[in-house]
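*Asks:* One structure, as structure tokens, below. Some questions next.
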Amino acid sequence: MSAAEVPRLILCGERVKLRTPQFQDADRSYKWFADPEITRYLPLAGRGKLPMDAIREFIVRVSRSDSPELAVSIEAEGEYIGCGGLRNIDCESAELSIIIGEHRFQGRGIAHEAAMLLLGHAFRTLGLKTVWLIVRGDNQRALKLFERLGFVRNQLLLGAVVVDGEPKDKWKMTLSREAFQGIEHRISPATGR
């Protein structure tokens with residue numbers, strides 16, 4: 001399938017657009033995944049940067065219509081500023097991920113709006129029953145975001161990852177379709193409140 005034939009997913013919110021990753025996203029993604037500030041809470045933390053070849057291979061793989069995962073590029077103000085998606089998708093659940101790579105867009109509610117769009121797609125379009133994620137226990141910003149979205153901490157993974165020789169805990173958090181429907185109408189995507 002050529003790049004011109006790849007179906008393009010587009011989900012639009014008030015300030016955010018989610019679209020299928022494109023090959024030209026690779027350079028900016030490479031910059032983010034080489035930035036220790038961006039990767040400090042990712043599985044990549046303390047391990048150096050992600051090779052450009054791996055980024056390009058990922059974009060090609062997830063751009064195929066038969067890909068078993070949904071990857072998205074996040075745009076705000078007409079600029080590619082982050083990535084995320086749903087992976088480990090089965091008939092009932094999927095794992096959510098969100099990364100805002102451009103520092104100036106962090107803390108502005110962009111991740112919240114992008115997550116709401118992905119969750120709406122997961123529950124309404126894909127018909128999933130639950131969405132889950134794994135987050136480091138010391139990533140307070142992410143824990144607060146996901147709790148505002150209705151996720152609950154349900155499994156503590158002690159010492160699940162070692163970063164620079166130090167064990168770090170992780171939380172598995174889940175969100176049910178019913179819980180999402182309950183909060184979806186109470187939260188403004190633009191403010192996260």
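Letters A, B, ... mark the chains of the structure tokens in the order given; residue numbers begin at 1 per chain; ligand numbers begin at 1, in order shown.
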Taking only chain A into account, list the residues labelled helix (DSSP H, G or I) by DSSP (computed from the backbone), as a VMD selection string.
*Replies:* chain A and resid 3 to 5 23 to 32 36 to 39 52 to 63 103 to 105 110 to 125 140 to 148 177 to 184
*Asks:* Once you have the residues from the selection above, write them out as a CSV table (one decimal), in the first residue's frame, restricted to C-alpha atoms.
*Replies:*
chain,number,residue,atom,x,y,z
A,3,ALA,CA,1.4,6.3,1.4
A,4,ALA,CA,-1.3,7.9,-0.7
A,5,GLU,CA,-3.6,4.9,-0.1
A,23,PHE,CA,6.7,9.8,7.4
A,24,GLN,CA,7.6,13.5,7.9
A,25,ASP,CA,6.8,13.1,11.6
A,26,ALA,CA,10.0,11.1,12.1
A,27,ASP,CA,12.4,13.9,12.5
A,28,ARG,CA,10.5,15.6,15.3
A,29,SER,CA,9.8,12.3,17.0
A,30,TYR,CA,13.5,11.5,16.9
A,31,LYS,CA,14.2,14.8,18.7
A,32,TRP,CA,11.6,14.1,21.4
A,36,PRO,CA,15.8,13.0,28.6
A,37,GLU,CA,13.1,15.5,29.8
A,38,ILE,CA,10.6,13.9,27.5
A,39,THR,CA,11.7,10.2,28.0
A,52,MET,CA,15.7,7.0,13.7
A,53,ASP,CA,15.3,3.6,11.8
A,54,ALA,CA,13.1,2.3,14.7
A,55,ILE,CA,10.9,5.5,14.5
A,56,ARG,CA,10.5,5.2,10.7
A,57,GLU,CA,9.7,1.5,10.9
A,58,PHE,CA,7.1,2.2,13.5
A,59,ILE,CA,5.4,4.9,11.4
A,60,VAL,CA,5.3,2.6,8.4
A,61,ARG,CA,3.9,-0.3,10.5
A,62,VAL,CA,1.1,1.7,12.2
A,63,SER,CA,0.1,3.5,9.1
A,103,HIS,CA,7.7,21.5,25.8
A,104,ARG,CA,5.8,24.7,25.2
A,105,PHE,CA,2.5,22.7,24.8
A,110,ILE,CA,-3.5,19.2,25.3
A,111,ALA,CA,-2.8,15.8,26.7
A,112,HIS,CA,-6.2,15.8,28.4
A,113,GLU,CA,-8.1,16.7,25.2
A,114,ALA,CA,-6.1,14.2,23.1
A,115,ALA,CA,-6.8,11.5,25.7
A,116,MET,CA,-10.6,12.3,25.7
A,117,LEU,CA,-10.6,12.0,21.9
A,118,LEU,CA,-8.8,8.6,22.1
A,119,LEU,CA,-11.1,7.4,24.9
A,120,GLY,CA,-14.2,8.4,23.0
A,121,HIS,CA,-12.9,6.5,19.9
A,122,ALA,CA,-12.1,3.5,22.1
A,123,PHE,CA,-15.5,3.3,23.8
A,124,ARG,CA,-17.9,4.6,21.1
A,125,THR,CA,-16.2,3.5,17.8
A,140,GLN,CA,2.7,13.0,39.5
A,141,ARG,CA,1.6,15.1,36.5
A,142,ALA,CA,0.5,12.0,34.6
A,143,LEU,CA,-1.2,10.4,37.6
A,144,LYS,CA,-3.2,13.6,38.2
A,145,LEU,CA,-4.2,13.8,34.5
A,146,PHE,CA,-5.4,10.2,34.4
A,147,GLU,CA,-7.3,10.4,37.7
A,148,ARG,CA,-9.1,13.5,36.3
A,177,ARG,CA,-16.8,2.5,29.5
A,178,GLU,CA,-19.4,3.3,32.2
A,179,ALA,CA,-17.0,5.5,34.2
A,180,PHE,CA,-16.0,7.4,31.0
A,181,GLN,CA,-19.6,8.0,30.1
A,182,GLY,CA,-20.2,9.4,33.5
A,183,ILE,CA,-17.3,11.9,33.3
A,184,GLU,CA,-17.5,12.7,29.6
*Asks:* Considering only C-alpha atoms, return as a PyMOL selection string whatever protein or nucleic-acid residues lie within 12 Å of Lys172 of chain A, sequence-local ones (same chain, fewer than 6 positions apart) excluded.
*Replies:* chain A and resi 95-96+131-137+143+146-147+151-158+160
*Asks:* Name the residues in contact with Ile99 of chain A at a cut-off of 8 Å, using only C-alpha atoms, excluding same-chain residues fewer than 4 positions from it; report them as a list in words.
*Replies:*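 Counting only the stated atoms, we get Gly82, Cys83, Gly84 and Ala111 of chain A.
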*Asks:* Write out as number ranges by chain the set of residues from segment 8-96 of chain A that DSSP, computed on the backbone, places in strand (DSSP E or B).
*Replies:* A: 10-12, 16-19, 70-76, 79-87, 93-96
*Asks:* Excluding Arg87 of chain A and residues on its chain fewer than 2 positions from it, collect all residues at most 8 Å away from it, counting only C-alpha atoms, and give them as a list in words.
*Replies:*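 So, after excluding close chain neighbours, the residues are Pro68, Glu69, Leu70, Ala71, Gly85, Ile89, Ala94, Glu95 and Leu96 of chain A.
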